[in-house]
Structures are given as C-alpha cells and as structure tokens.
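J.: One structure, pasted below without further comment.
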Amino acid sequence: MPDAARRADELRRILHRAIHAYYVLDAPELSDAEYDHLFRELQDLEAARPDLRTPDSPTLRVGAEPAERFEKHRHLVPMLSLANAFSDDDLRSWESRNARIAPEVGAGGYTVEVKIDGAAVCLTYRDGVLARGATRGNGVVGEVVTANLRTIPDIPLRLDGTSWPALMEVRGEVYLPKAAFEALNRRRAQAGEPLYANPRNTAAGALRQLDSRLTRERGLRCFAFTVEAPGERLPFRTQRELLDGLAAWGFRVEPHRGRVTDLAGVCGAVAELEPQLDGLPFGADGVVVKVDPLALHDELGTVGDREPRWAIARKFAPEVAITKLLAIKVNVGRTGALNPYAELEPTEIGGVTVSTATLHNADLIAAKDIRVGDWVEVTRAGEVIPQVLGPVREKRPADARPFTMPERCPACGAEVERPADEVMTYCPNVSCPGRVLESIVHFASRGAMDIRGLGYERVQKLIEAGLIADVADLYDTERVNPERLQALDGFAEKSAQQLVDAIAASKKQPLSTLLFALGIRHVGEGAAELLARRFGTMDALTKASAAAIGEVRGIGPTIAEAVAAFFAEIRNRELIDRLRESGLKMSEPRRAAAHGPLEGQTFVLTGTLPTLSRTEATKQIEAAGGSVTGSVSKMTAAIVAGEEPGSKLEKAKALGIPVWDEAELLRRLKAGS
Ligand SMILES: [Zn+2]
C-alpha cells in the first residue's frame, strides 16, 4: 500500500476509535487538539487524493451536499412492528400462545429492553463498513438516507471486532433527546415560529432532510437493538448476547436492558422500569420483552410477516381521556399565526379538568381526520398543553363536520395567508386585535423592550380601557399617562408613575432590541442583532430589498423575505413612523470597544447556560471588552458551552478552540474587576 493510502487508513482508525470513545463510551481518548489535528490531516489528504476517501471516513460525519430526492431501499428482512401487552395478564397469555408452538419457551428466559420512542432505521453493513442507511418506510421498503445517518455520532461507520457477518442489517431507533427538543422549540418560540409537536415526529422529519447538514444540526442520537443477516451465521445464541455483541461492534445499546429467567421475572422487571421511563433523557413508550434464545425466534416465527411472536411491547396506560369535540376554534398568536384549538366537553385527565386542547395546525387536523362532533382521544402526557390525539372513528356521529381553516382572520377579517412552504396560516394585519394583546405583551417583555410592570394582565387592562390598540400607543402621552392609569383598577399613584417611567426608559433601547420586540415573523434575538449591526438604522433596513437582507451572514432567505414583507406592509411602516415620532431610538450604537479582561477577544455561545441568558452573557462579555459572534472560526478565543450545545461545539473542538462552561466564563470576567 502506498504511503498516503496507509496513512489515510491509519487516520481513519484513530479518529473512529476517538469518536466511539467520546460518544458511545463517554470516555474520551484524545484531547480536542489532537483530534482536530488528525481530523484536518485526513481532510487534507482526502482533498488532495479524492480516491482515498472511503465510505467509512469520519470526514463524512460533517454532512454532505444536499440530495435531490431519496432512493428506495428494500429491507433484507421486513422490519416488523410489535404486538402490545397492557397488563401482566396480557403477557401471560402471550407466553401460553407461544408455548403451544414451542413448549420450551417458558424455560428459555426473556430479555427486557426499554422501548425508545423514535424513528426506526435500518443500517446495512458490508464487510464491516456502513454501506447504506434507510428509514423503516412501510416495513418492506424504506428510503435511503445514508448521508443523514452518517452524521449521527452513535452510528459506527466501521465496525469493531471481526465476528460480524459480511452482509447484515442492523436495526436501531433514531431519536431526538428531550433536552434538544425543548431547546429547539424554545428557539422557535422566540423567533415566533410554529412549535414542533413532539420529539418523535421531529426526529423522523430530521432523518428525511435532503440536506444532511440540517440533520446534523438537530443532534439526533441512535440506539441499536437487533440485527438481521439472512443466510449468514450470527455469533450469538441469545438476544442478550446479541445486544452485548452490538455494543462490542461499536453500537450504542440502551443500558437499561436485562435478562430474567421466567415470566414472573419479566413482570418484576417491568414494574421496576415503568416509573423510570418518564425520567429518561429520551422518549420511552414501554418495555420490549423478547424470548431470549434465538433458536426459538426461528421456531416461533412471525404473524403474517408483520409481527414477531417472540417479542411483545409492554405498554402503559397513557393519560388519555375520550370526550366530545364541541367546536374547533382559531386564535391568533403574536406573529399572526392562526392556531386551531379544540373546545371539549370538560373531562378529567390525570386529576386536571381539561376543556380545551391544541390541534397544532390544519394539516394535522386533516391528516388525522378530526371532525367537529367527533369523540376524540385527548392526552396531556408529558406536555403541559393538552392535545387531541385523534378521533374514535367507530363513534363518529353522522353529522360530524370536517374542519376548514377560515379564509378571513376570525379576529379582524383580513384575508389570511399561507406561505407555500409552511404548515401555518397567518393573519397579515399587524394591527389585528387578535394579535395585538400577544404582540404588546411580547414587545414589553424582558429580552424585548423590557418595560417593567407591563405584563399580560396589565396589557389586557389597557386594551380593554381603550388606552392602547398597538405598541405605538404606549408612547402616546395623551393616551398613557399617570392620570389615566390611576383611573384604572390596580394602579396607585406610585405604580402608575413607575409604569410611565419604564415606558419612557424603553425609548433608549437600540434598534436590535426594537426589531426583536416588533415580533417580525422568524426574527429572533439573534437575527435582530445581525440585521441591526449590518444596517445600522431602521431607515436603511426599511429600504433594503429581500435580496440585500439575505446577503447578511446568518440570515437565510426565509427570514429575509419575512423582514422585507413586514416593511412592505403600509400599516407596519405607519407604526414605525409613529414610534420614530415618539422619540424611540431607531439606530444601533457602534459598540465602543470596552476595556476589560476579554479585550479584543471573540467568543461563541452555544447551548443553554445554567444561569445566564444568551443576551446577558453577551452583554457581560462585551462589557469586558470582548465580542460575541454566531460562528466558530480560527479567530474564536473560546466557545462558551451550556446544556445541549449545538454543532458549533464540535466545530470548535475540531479547530482546537478552548471550551468554557459558564463558571469558567464568570471566573474570567471577574479576573479583571
Ligand atoms: Zn387578524
């Protein structure tokens, strides 16, 4: 083998070991700087000699060019679904059904495994190298999403050991960790974007991204749970050996697995696992029980190639109630998004009376075929807001009516809009009374204009009293002044004056804060800051075209179009004019370089810090002379990482940039004071 090829081979082995040690074993072997050094050496080698790039190269983990469409993959053996058991009795009848086919089943022992609530995938390995990855699809044919699956660090690109068959399919469950899902929805809420319904659908959606770099940003993880290799000999005799074998080959296998000798042991293990499921960092929707000896799997076989007889999912009664769907109504959020919700005949779920539940959006209502008048299943499991799961079709009354999104906004009558690539419908009228309350509350909130003392209830009160109808009215002293406030319930002389002062103080907020506060669709704090820095004044931004806005680094076409559309609307321009006349600052100050311990250094923030908000951390860094940017480069002095960091952290590690936690940041900030 020529030198370059030998070196590339060696680098792949070292990096592969390091990734496995870091993500699967949780025991890093290489320092970040060493890893980075070797990773770049391999990247350079492959750039110079593309023929040396192999399908198991760790450099593929950073994502590939977008695909045009997905090819189909026919699974070697169908991917089965499991029958359910809801009680110990159900498990006992499962065992006696099996004993009629294979009498020794009761004595063979069972394994119990946590059932991960994600998206099943099929990983084809040829000679120990990941050759192809596919979704489950309909169980027989799935879609090829190899580039996306390569970005998941738990999925080995090359297997350890030698005992694997030359051709096999490993099945696993890809999931989005709960914390990553929550962080994702927090960011979307902040940007006024519709929230994802649950981690499972979000994971399935991320798997089917045409651009694998987007898949990678989501932070998917994977547990492997079985292997199929028709016509080949597997080196295992039992399911337990199989799970341990998968781990030895380099897969991540869910740790709460065990073997018990008989069905009584199964029931005991299930009772022990059930209360732990909610606390796991990923969604778990039951316990899978499998017959341990693999020889018995063959003997028991499947029911019509759909369900195996040798495995069953022990599910737990979810907190679900069935009640009547009285009406589907629509309310208007601050970005104008029309949110359909269900009015229900009041029912009790988990000790709480529920009379409304979210229906998410019109597409989901249609997909689940939920009709007004239906009996519906409602749950509040794990989520604060109750949601409608779906209709009970057998109980559907003859007069049940399908739902259609109104063509006019129910609050203001404006014609609604539905952007082609979105599932939400919007009211475009920024002065829509439905949007007004939510948008004023957002405008005044911390992180936005920060008008202390102006919370939800007071905004509601000011609107009801006719003092305000939009955010510009807040600054109109004819409307909002101490005398008029004192005439309202809940205001004394002092509190009225305090609110007036707080409103006046908010005029000094910079353009970036004002842009975020205005609640422009898709514009979160980060985008607002980028826009304010680039354009400097409201005037310049108002005049910019969508194309010009889209050229700002970090601003994608969706944001650019939303911003341009916002300023194209005459009512919004009038609102801005009134704010300007009231004396609001419409520009972004050039940050005078502060002197301090972080002077001249650039930082990147990622993840959720334990105590500081991102805005607060940025302020403190800037006050100490440093600056904060959105992307990691060789100029980055350090990356400050919190819980659930994004891909920036890996990039920083790859570049050998120091990683700080919040405590370290606070120490450094303090060092100079
Ligand atoms: Zn409206």
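In the structure tokens, each chain is lettered A, B, ... as it comes, each chain's residues begin at 1, and ligands are numbered from 1 in order of appearance.
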Neighbours of range 333-346 of chain A within 7 Å (only C-alpha atoms; same-chain residues fewer than 3 positions away dropped), as a PyMOL selection string?
T.: chain A and resi 192+323-330+353-361+424-428+435-436+438-439+519-521
J.: Could you write out that same residue set with C-alpha atoms as a short mmCIF file (atom, residue, chain, number, x, y, z; two decimals), in the first residue's frame?
T.:
data_model
loop_
_atom_site.label_atom_id
_atom_site.label_comp_id
_atom_site.auth_asym_id
_atom_site.auth_seq_id
_atom_site.Cartn_x
_atom_site.Cartn_y
_atom_site.Cartn_z
CA GLY A 192 -42.27 33.31 16.53
CA THR A 323 -64.55 13.20 25.19
CA LYS A 324 -66.68 15.07 22.69
CA LEU A 325 -65.17 17.69 20.39
CA LEU A 326 -67.70 20.52 20.58
CA ALA A 327 -66.03 23.03 18.28
CA ILE A 328 -62.78 23.87 16.54
CA LYS A 329 -61.84 27.48 17.13
CA VAL A 330 -58.92 29.55 15.99
CA THR A 353 -60.13 19.18 34.21
CA VAL A 354 -59.48 19.78 30.54
CA SER A 355 -61.87 21.75 28.33
CA THR A 356 -59.57 22.92 25.54
CA ALA A 357 -56.72 21.21 23.71
CA THR A 358 -54.38 22.21 20.92
CA LEU A 359 -54.86 20.88 17.40
CA HIS A 360 -51.50 22.30 16.17
CA ASN A 361 -52.38 23.15 12.56
CA MET A 424 -49.28 27.52 9.42
CA THR A 425 -51.80 30.06 8.18
CA TYR A 426 -51.27 33.69 9.13
CA CYS A 427 -53.25 36.89 9.56
CA PRO A 428 -51.11 39.52 7.78
CA ARG A 435 -52.52 39.72 17.52
CA VAL A 436 -52.43 42.95 19.48
CA GLU A 438 -49.95 38.88 22.40
CA SER A 439 -47.74 41.22 20.43
CA GLY A 519 -42.32 40.40 16.55
CA ILE A 520 -41.46 40.15 12.87
CA ARG A 521 -42.06 36.58 11.80
#
J.: Give me the residues within 6 Å of range 230-247 of chain A as a list of chain:residue names, counting only C-alpha atoms and dropping any in the same chain fewer than 6 places off.
T.: A:Val253, A:Asp292, A:Pro293, A:Leu294
J.: With all heavy atoms retained, could you export that selection as a compact mmCIF listing (two decimals), in the first residue's frame?
T.:
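Below is the file that was written, part20.txt:
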# COMPACT_ATOMS: atom_id res chain seq x y z
N VAL A 253 -26.07 0.83 22.75
CA VAL A 253 -27.21 -0.01 23.09
C VAL A 253 -27.79 0.53 24.40
O VAL A 253 -27.05 0.88 25.31
CB VAL A 253 -26.77 -1.48 23.26
CG1 VAL A 253 -27.97 -2.36 23.59
CG2 VAL A 253 -26.10 -1.98 21.98
N ASP A 292 -35.49 -15.05 24.93
CA ASP A 292 -34.03 -14.90 24.86
C ASP A 292 -33.33 -15.81 23.83
O ASP A 292 -32.53 -15.32 23.05
CB ASP A 292 -33.43 -15.08 26.27
CG ASP A 292 -32.00 -14.56 26.34
OD1 ASP A 292 -31.68 -13.61 25.58
OD2 ASP A 292 -31.21 -15.09 27.13
N PRO A 293 -33.62 -17.13 23.77
CA PRO A 293 -32.88 -17.98 22.83
C PRO A 293 -33.26 -17.67 21.37
O PRO A 293 -34.44 -17.70 21.02
CB PRO A 293 -33.31 -19.40 23.20
CG PRO A 293 -33.91 -19.30 24.56
CD PRO A 293 -34.53 -17.93 24.62
N LEU A 294 -32.26 -17.38 20.56
CA LEU A 294 -32.55 -17.01 19.17
C LEU A 294 -33.12 -18.19 18.38
O LEU A 294 -33.89 -18.00 17.44
CB LEU A 294 -31.28 -16.49 18.48
CG LEU A 294 -30.69 -15.19 19.08
CD1 LEU A 294 -29.44 -14.77 18.32
CD2 LEU A 294 -31.71 -14.06 19.07
J.: Using only C-alpha atoms and all ligand atoms, which residue out of A:Gln601, A:Ser93, A:Asn429, A:Gln387 lies closest to ligand 1?
T.: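 For ligand 1, the nearest of the given residues is A:Asn429.
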J.: Do you know which residues are at most 6 Å from Tyr125 in chain A counting only C-alpha atoms, after dropping those on the same chain fewer than 2 positions away, and could you put them as an MDAnalysis selection string?
T.: chainID A and resid 128:131 167:168
J.: At a cut-off of 6 Å and counting only C-alpha atoms and all ligand atoms, what residues surround ligand 1? Please answer as a PyMOL selection string.
T.: chain A and resi 409+411-414+427+429+432+434
